[in-house]
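Shown here: query_38.pdb, PDB, N, CA and C atoms.
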```
MODEL        1
ATOM      1  N   MET K   1      -0.419   6.691  -5.095
ATOM      2  CA  MET K   1       0.810   6.491  -4.343
ATOM      3  C   MET K   1       0.687   7.213  -3.005
ATOM      4  N   PRO K   2       0.971   6.507  -1.898
ATOM      5  CA  PRO K   2       0.876   7.149  -0.580
ATOM      6  C   PRO K   2       1.923   8.263  -0.429
ATOM      7  N   LYS K   3       1.567   9.259   0.354
ATOM      8  CA  LYS K   3       2.496  10.361   0.605
ATOM      9  C   LYS K   3       3.685   9.852   1.398
ATOM     10  N   ARG K   4       4.857  10.390   1.097
ATOM     11  CA  ARG K   4       6.071  10.037   1.820
ATOM     12  C   ARG K   4       6.493  11.196   2.711
ATOM     13  N   TYR K   5       7.141  10.845   3.821
ATOM     14  CA  TYR K   5       7.568  11.836   4.806
ATOM     15  C   TYR K   5       9.059  11.684   5.066
ATOM     16  N   LYS K   6       9.741  12.799   5.180
ATOM     17  CA  LYS K   6      11.183  12.791   5.421
ATOM     18  C   LYS K   6      11.473  12.674   6.914
ATOM     19  N   PRO K   7      12.646  12.118   7.260
ATOM     20  CA  PRO K   7      13.036  12.082   8.668
ATOM     21  C   PRO K   7      13.080  13.502   9.225
ATOM     22  N   GLY K   8      12.600  13.682  10.445
ATOM     23  CA  GLY K   8      12.568  15.008  11.067
ATOM     24  C   GLY K   8      11.256  15.748  10.846
ATOM     25  N   GLU K   9      10.464  15.343   9.835
ATOM     26  CA  GLU K   9       9.145  15.951   9.630
ATOM     27  C   GLU K   9       8.227  15.510  10.762
ATOM     28  N   LYS K  10       7.273  16.351  11.095
ATOM     29  CA  LYS K  10       6.294  15.973  12.113
ATOM     30  C   LYS K  10       5.333  14.943  11.523
ATOM     31  N   ALA K  11       5.077  13.899  12.296
ATOM     32  CA  ALA K  11       4.164  12.844  11.849
ATOM     33  C   ALA K  11       2.749  13.424  11.753
ATOM     34  N   PRO K  12       2.080  13.254  10.621
ATOM     35  CA  PRO K  12       0.732  13.789  10.461
ATOM     36  C   PRO K  12      -0.326  13.023  11.254
ATOM     37  N   ALA K  13      -0.017  11.781  11.617
ATOM     38  CA  ALA K  13      -0.957  10.945  12.374
ATOM     39  C   ALA K  13      -0.161   9.921  13.166
ATOM     40  N   SER K  14      -0.727   9.446  14.266
ATOM     41  CA  SER K  14      -0.085   8.390  15.045
ATOM     42  C   SER K  14      -0.233   7.063  14.312
ATOM     43  N   GLY K  15       0.811   6.241  14.369
ATOM     44  CA  GLY K  15       0.722   4.930  13.742
ATOM     45  C   GLY K  15       2.067   4.359  13.373
ATOM     46  N   GLN K  16       2.018   3.294  12.561
ATOM     47  CA  GLN K  16       3.218   2.607  12.087
ATOM     48  C   GLN K  16       3.644   3.228  10.759
ATOM     49  N   TYR K  17       4.920   3.572  10.666
ATOM     50  CA  TYR K  17       5.492   4.130   9.451
ATOM     51  C   TYR K  17       6.561   3.180   8.933
ATOM     52  N   GLU K  18       6.502   2.870   7.649
ATOM     53  CA  GLU K  18       7.477   1.982   7.030
ATOM     54  C   GLU K  18       8.526   2.813   6.300
ATOM     55  N   GLU K  19       9.802   2.416   6.456
ATOM     56  CA  GLU K  19      10.861   3.057   5.687
ATOM     57  C   GLU K  19      10.774   2.548   4.257
ATOM     58  N   VAL K  20      10.895   3.454   3.300
ATOM     59  CA  VAL K  20      10.916   3.076   1.891
ATOM     60  C   VAL K  20      12.159   3.659   1.252
ATOM     61  N   GLY K  21      12.685   2.942   0.270
ATOM     62  CA  GLY K  21      13.877   3.384  -0.438
ATOM     63  C   GLY K  21      13.576   4.569  -1.348
ATOM     64  N   PRO K  22      14.607   5.112  -1.985
ATOM     65  CA  PRO K  22      14.446   6.288  -2.850
ATOM     66  C   PRO K  22      13.449   6.084  -4.001
ATOM     67  N   ARG K  23      13.313   4.842  -4.470
ATOM     68  CA  ARG K  23      12.371   4.566  -5.560
ATOM     69  C   ARG K  23      11.096   3.888  -5.065
ATOM     70  N   GLY K  24      10.892   3.856  -3.743
ATOM     71  CA  GLY K  24       9.657   3.319  -3.183
ATOM     72  C   GLY K  24       9.713   1.872  -2.751
ATOM     73  N   GLY K  25      10.872   1.236  -2.850
ATOM     74  CA  GLY K  25      10.993  -0.170  -2.464
ATOM     75  C   GLY K  25      10.944  -0.361  -0.955
ATOM     76  N   LYS K  26      10.456  -1.529  -0.538
ATOM     77  CA  LYS K  26      10.362  -1.840   0.894
ATOM     78  C   LYS K  26      11.745  -2.115   1.467
ATOM     79  N   THR K  27      11.943  -1.726   2.739
ATOM     80  CA  THR K  27      13.220  -1.948   3.409
ATOM     81  C   THR K  27      13.085  -2.956   4.549
ATOM     82  N   GLY K  28      11.862  -3.199   5.004
ATOM     83  CA  GLY K  28      11.645  -4.123   6.111
ATOM     84  C   GLY K  28      11.708  -3.466   7.477
ATOM     85  N   HIS K  29      11.932  -2.155   7.532
ATOM     86  CA  HIS K  29      11.991  -1.442   8.805
ATOM     87  C   HIS K  29      10.715  -0.639   9.012
ATOM     88  N   GLU K  30      10.185  -0.694  10.236
ATOM     89  CA  GLU K  30       9.024   0.110  10.612
ATOM     90  C   GLU K  30       9.288   0.797  11.933
ATOM     91  N   VAL K  31       8.659   1.951  12.128
ATOM     92  CA  VAL K  31       8.741   2.669  13.397
ATOM     93  C   VAL K  31       7.334   3.071  13.805
ATOM     94  N   THR K  32       7.134   3.250  15.090
ATOM     95  CA  THR K  32       5.876   3.765  15.611
ATOM     96  C   THR K  32       6.101   5.224  15.942
ATOM     97  N   SER K  33       5.209   6.088  15.480
ATOM     98  CA  SER K  33       5.366   7.515  15.739
ATOM     99  C   SER K  33       4.042   8.099  16.220
ATOM    100  N   VAL K  34       4.155   9.175  16.986
ATOM    101  CA  VAL K  34       3.003   9.855  17.557
ATOM    102  C   VAL K  34       2.750  11.140  16.764
ATOM    103  N   GLU K  35       1.490  11.428  16.529
ATOM    104  CA  GLU K  35       1.108  12.632  15.786
ATOM    105  C   GLU K  35       1.780  13.874  16.374
ATOM    106  N   GLY K  36       2.398  14.662  15.508
ATOM    107  CA  GLY K  36       3.022  15.912  15.917
ATOM    108  C   GLY K  36       4.471  15.786  16.348
ATOM    109  N   LYS K  37       4.954  14.563  16.553
ATOM    110  CA  LYS K  37       6.354  14.336  16.940
ATOM    111  C   LYS K  37       7.185  14.109  15.675
ATOM    112  N   PRO K  38       8.463  14.519  15.685
ATOM    113  CA  PRO K  38       9.290  14.314  14.487
ATOM    114  C   PRO K  38       9.591  12.839  14.239
ATOM    115  N   LEU K  39       9.615  12.464  12.961
ATOM    116  CA  LEU K  39       9.972  11.103  12.586
ATOM    117  C   LEU K  39      11.472  10.909  12.806
ATOM    118  N   PRO K  40      11.895   9.715  13.248
ATOM    119  CA  PRO K  40      13.316   9.478  13.545
ATOM    120  C   PRO K  40      14.157   9.374  12.269
ATOM    121  N   PRO K  41      15.479   9.407  12.433
ATOM    122  CA  PRO K  41      16.343   9.205  11.265
ATOM    123  C   PRO K  41      16.124   7.819  10.659
ATOM    124  N   THR K  42      16.306   7.708   9.351
ATOM    125  CA  THR K  42      16.184   6.413   8.678
ATOM    126  C   THR K  42      17.493   5.648   8.812
ATOM    127  N   SER K  43      17.461   4.363   8.492
ATOM    128  CA  SER K  43      18.650   3.531   8.637
ATOM    129  C   SER K  43      19.701   3.817   7.562
ATOM    130  N   LYS K  44      19.277   4.389   6.412
ATOM    131  CA  LYS K  44      20.213   4.744   5.337
ATOM    132  C   LYS K  44      19.809   6.099   4.756
ATOM    133  N   PRO K  45      20.778   6.865   4.259
ATOM    134  CA  PRO K  45      20.451   8.156   3.630
ATOM    135  C   PRO K  45      19.543   7.968   2.409
ATOM    136  N   GLY K  46      18.694   8.948   2.165
ATOM    137  CA  GLY K  46      17.818   8.925   0.991
ATOM    138  C   GLY K  46      16.503   8.206   1.188
ATOM    139  N   GLN K  47      16.322   7.544   2.319
ATOM    140  CA  GLN K  47      15.070   6.835   2.558
ATOM    141  C   GLN K  47      14.059   7.769   3.202
ATOM    142  N   GLN K  48      12.785   7.412   3.056
ATOM    143  CA  GLN K  48      11.697   8.193   3.628
ATOM    144  C   GLN K  48      10.729   7.240   4.304
ATOM    145  N   TYR K  49       9.645   7.807   4.844
ATOM    146  CA  TYR K  49       8.621   7.011   5.525
ATOM    147  C   TYR K  49       7.288   7.139   4.811
ATOM    148  N   LYS K  50       6.477   6.076   4.928
ATOM    149  CA  LYS K  50       5.070   6.160   4.518
ATOM    150  C   LYS K  50       4.233   5.530   5.621
ATOM    151  N   LEU K  51       3.059   6.111   5.850
ATOM    152  CA  LEU K  51       2.146   5.612   6.873
ATOM    153  C   LEU K  51       1.497   4.326   6.371
ATOM    154  N   VAL K  52       1.663   3.229   7.126
ATOM    155  CA  VAL K  52       1.088   1.952   6.700
ATOM    156  C   VAL K  52      -0.045   1.472   7.601
ATOM    157  N   ASP K  53      -0.077   1.930   8.863
ATOM    158  CA  ASP K  53      -1.140   1.488   9.772
ATOM    159  C   ASP K  53      -1.418   2.594  10.788
ATOM    160  N   ARG K  54      -2.476   3.343  10.521
ATOM    161  CA  ARG K  54      -2.869   4.436  11.423
ATOM    162  C   ARG K  54      -3.408   3.868  12.739
ATOM    163  N   THR K  55      -3.083   4.507  13.854
ATOM    164  CA  THR K  55      -3.580   4.076  15.159
ATOM    165  C   THR K  55      -5.097   4.254  15.218
ATOM    166  N   LYS K  56      -5.766   3.243  15.728
ATOM    167  CA  LYS K  56      -7.234   3.294  15.848
ATOM    168  C   LYS K  56      -7.586   3.706  17.270
ATOM    169  N   HIS K  57      -8.481   4.669  17.397
ATOM    170  CA  HIS K  57      -8.921   5.161  18.702
ATOM    171  C   HIS K  57     -10.391   4.816  18.902
ATOM    172  N   LYS K  58     -10.715   4.376  20.126
ATOM    173  CA  LYS K  58     -12.127   4.151  20.450
ATOM    174  C   LYS K  58     -12.784   5.483  20.783
ATOM    175  N   LYS K  59     -14.040   5.587  20.412
ATOM    176  CA  LYS K  59     -14.781   6.831  20.718
ATOM    177  C   LYS K  59     -15.780   6.576  21.807
TER     178      LYS K  59
ENDMDL
END
```
Serialized structure, structure tokens:
Amino acid sequence: MPKRYKPGEKAPASGQYEEVGPRGGKTGHEVTSVEGKPLPPTSKPGQQYKLVDRTKHKK
């Protein structure tokens, strides 16, 4: 099971984060967040985020 992050927590990595319900169900909402910046509030209380698509960087 992927790790979940609460609103206001610092994003561990840049990328797309999906809102998930209290029991892990999909909500259809995604946000883009930058590593080290706090995750925004969710659309409903009790929801959290999971990282679904990490940003890819060229080396």
Hits of the PyMOL selection byres ((chain K and resi 21) around 8) in this structure, as a PDB file with N, CA and C atoms, in the frame of the given file:
```
ATOM      1  N   GLU K  18       6.502   2.870   7.649  1.00  0.00           N
ATOM      2  CA  GLU K  18       7.477   1.982   7.030  1.00  0.00           C
ATOM      3  C   GLU K  18       8.526   2.813   6.300  1.00  0.00           C
ATOM      4  N   GLU K  19       9.802   2.416   6.456  1.00  0.00           N
ATOM      5  CA  GLU K  19      10.861   3.057   5.687  1.00  0.00           C
ATOM      6  C   GLU K  19      10.774   2.548   4.257  1.00  0.00           C
ATOM      7  N   VAL K  20      10.895   3.454   3.300  1.00  0.00           N
ATOM      8  CA  VAL K  20      10.916   3.076   1.891  1.00  0.00           C
ATOM      9  C   VAL K  20      12.159   3.659   1.252  1.00  0.00           C
ATOM     10  N   PRO K  22      14.607   5.112  -1.985  1.00  0.00           N
ATOM     11  CA  PRO K  22      14.446   6.288  -2.850  1.00  0.00           C
ATOM     12  C   PRO K  22      13.449   6.084  -4.001  1.00  0.00           C
ATOM     13  N   ARG K  23      13.313   4.842  -4.470  1.00  0.00           N
ATOM     14  CA  ARG K  23      12.371   4.566  -5.560  1.00  0.00           C
ATOM     15  C   ARG K  23      11.096   3.888  -5.065  1.00  0.00           C
ATOM     16  N   GLY K  24      10.892   3.856  -3.743  1.00  0.00           N
ATOM     17  CA  GLY K  24       9.657   3.319  -3.183  1.00  0.00           C
ATOM     18  C   GLY K  24       9.713   1.872  -2.751  1.00  0.00           C
ATOM     19  N   GLY K  25      10.872   1.236  -2.850  1.00  0.00           N
ATOM     20  CA  GLY K  25      10.993  -0.170  -2.464  1.00  0.00           C
ATOM     21  C   GLY K  25      10.944  -0.361  -0.955  1.00  0.00           C
ATOM     22  N   LYS K  26      10.456  -1.529  -0.538  1.00  0.00           N
ATOM     23  CA  LYS K  26      10.362  -1.840   0.894  1.00  0.00           C
ATOM     24  C   LYS K  26      11.745  -2.115   1.467  1.00  0.00           C
ATOM     25  N   THR K  27      11.943  -1.726   2.739  1.00  0.00           N
ATOM     26  CA  THR K  27      13.220  -1.948   3.409  1.00  0.00           C
ATOM     27  C   THR K  27      13.085  -2.956   4.549  1.00  0.00           C
ATOM     28  N   GLY K  28      11.862  -3.199   5.004  1.00  0.00           N
ATOM     29  CA  GLY K  28      11.645  -4.123   6.111  1.00  0.00           C
ATOM     30  C   GLY K  28      11.708  -3.466   7.477  1.00  0.00           C
ATOM     31  N   PRO K  45      20.778   6.865   4.259  1.00  0.00           N
ATOM     32  CA  PRO K  45      20.451   8.156   3.630  1.00  0.00           C
ATOM     33  C   PRO K  45      19.543   7.968   2.409  1.00  0.00           C
ATOM     34  N   GLY K  46      18.694   8.948   2.165  1.00  0.00           N
ATOM     35  CA  GLY K  46      17.818   8.925   0.991  1.00  0.00           C
ATOM     36  C   GLY K  46      16.503   8.206   1.188  1.00  0.00           C
ATOM     37  N   GLN K  47      16.322   7.544   2.319  1.00  0.00           N
ATOM     38  CA  GLN K  47      15.070   6.835   2.558  1.00  0.00           C
ATOM     39  C   GLN K  47      14.059   7.769   3.202  1.00  0.00           C
ATOM     40  N   GLN K  48      12.785   7.412   3.056  1.00  0.00           N
ATOM     41  CA  GLN K  48      11.697   8.193   3.628  1.00  0.00           C
ATOM     42  C   GLN K  48      10.729   7.240   4.304  1.00  0.00           C
ATOM     43  N   TYR K  49       9.645   7.807   4.844  1.00  0.00           N
ATOM     44  CA  TYR K  49       8.621   7.011   5.525  1.00  0.00           C
ATOM     45  C   TYR K  49       7.288   7.139   4.811  1.00  0.00           C
TER      46      TYR K  49
END
```
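For the set K:Gln16, K:Lys58, K:Ala11, K:Val52, the residue with the smallest atom-to-atom gap to Gly36 of chain K is K:Ala11, counting all atoms listed in the file.
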Report the distance between atom C of Pro41 of chain K and atom CA of His57 of chain K in Å, rounded to one decimal place.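 According to the coordinates, atom C of Pro41 of chain K and atom CA of His57 of chain K are separated by 26.4 Å.
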Can you list, as number ranges by chain, every residue of chain K that DSSP puts in strand (DSSP E)? K: 4-5, 15-20, 26-33, 48-54
Expand the PyMOL selection byres (((chain K and resi 54-56 and name CA) around 6) and name CA) into the explicit residue set it covers here, and present it as a ChimeraX atom specification. /K:14-15,53,57
With the file shown as input, list the residues that the PyMOL selection byres ((chain K and resi 32) around 6) selects, as an MDAnalysis selection string. chainID K and resid 15:17 30:31 33:34
Edge lengths and centre in Å to one decimal, as JSON, of the axis-aligned box that encloses all listed atoms of segment 3-19 of chain K with 3 Å added on every side?
```
{"center_x": 6.1, "center_y": 9.2, "center_z": 7.7, "size_x": 20.0, "size_y": 20.4, "size_z": 20.7}
```
So how many Å separate atom C of Arg4 of chain K and atom N of Lys50 of chain K, to one decimal?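 Taking atom C of Arg4 of chain K and atom N of Lys50 of chain K, their separation equals 5.6 Å.
Interatomic distance, atom CA of Ser43 of chain K against atom N of Ala13 of chain K: 20.6 Å.
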Just need chain K in a file, please: C-alpha atoms, as a compact mmCIF listing (two decimals), in the first residue's frame.
```
# COMPACT_ATOMS: atom_id res chain seq x y z
CA MET K 1 0.00 0.00 0.00
CA PRO K 2 1.45 3.40 -0.97
CA LYS K 3 2.22 5.84 1.82
CA ARG K 4 -0.42 8.49 2.43
CA TYR K 5 0.26 12.13 3.27
CA LYS K 6 -1.92 14.56 5.20
CA PRO K 7 -2.76 18.07 4.00
CA GLY K 8 -0.11 20.51 5.25
CA GLU K 9 2.66 17.86 5.30
CA LYS K 10 5.70 18.66 3.20
CA ALA K 11 5.67 16.78 -0.10
CA PRO K 12 8.46 14.17 -0.07
CA ALA K 13 8.90 14.43 -3.86
CA SER K 14 7.69 16.61 -6.73
CA GLY K 15 4.84 15.16 -8.74
CA GLN K 16 1.13 14.43 -9.02
CA TYR K 17 -0.69 13.55 -5.80
CA GLU K 18 -4.14 11.96 -5.82
CA GLU K 19 -6.68 12.62 -3.07
CA VAL K 20 -7.89 9.40 -1.48
CA GLY K 21 -10.79 8.85 0.87
CA PRO K 22 -10.47 7.65 4.48
CA ARG K 23 -10.56 3.99 3.37
CA GLY K 24 -8.33 4.50 0.32
CA GLY K 25 -10.99 5.02 -2.35
CA LYS K 26 -10.33 7.26 -5.35
CA THR K 27 -11.88 10.74 -5.37
CA GLY K 28 -10.93 11.87 -8.88
CA HIS K 29 -8.97 14.90 -7.64
CA GLU K 30 -5.24 15.38 -8.24
CA VAL K 31 -2.82 18.16 -7.38
CA THR K 32 0.71 18.94 -8.48
CA SER K 33 3.12 19.59 -5.63
CA VAL K 34 6.79 20.52 -5.36
CA GLU K 35 9.20 18.68 -3.07
CA GLY K 36 9.44 20.37 0.33
CA LYS K 37 6.28 22.49 -0.11
CA PRO K 38 3.18 21.76 2.01
CA LEU K 39 0.37 19.79 0.40
CA PRO K 40 -2.84 21.85 -0.05
CA PRO K 41 -6.09 21.26 1.83
CA THR K 42 -8.22 18.38 0.52
CA SER K 43 -11.70 18.91 -0.89
CA LYS K 44 -13.33 17.07 2.07
CA PRO K 45 -12.26 16.42 5.68
CA GLY K 46 -10.58 13.08 6.38
CA GLN K 47 -9.01 12.70 2.96
CA GLN K 48 -5.29 12.31 2.34
CA TYR K 49 -2.88 12.25 -0.60
CA LYS K 50 -0.82 9.54 -2.26
CA LEU K 51 1.94 10.07 -4.81
CA VAL K 52 0.81 8.67 -8.17
CA ASP K 53 3.29 10.16 -10.68
CA ARG K 54 6.71 11.38 -9.58
CA THR K 55 8.24 14.17 -11.69
CA LYS K 56 10.95 12.88 -14.03
CA HIS K 57 14.15 14.93 -14.31
CA LYS K 58 16.70 14.71 -17.09
CA LYS K 59 20.30 14.25 -16.01
```
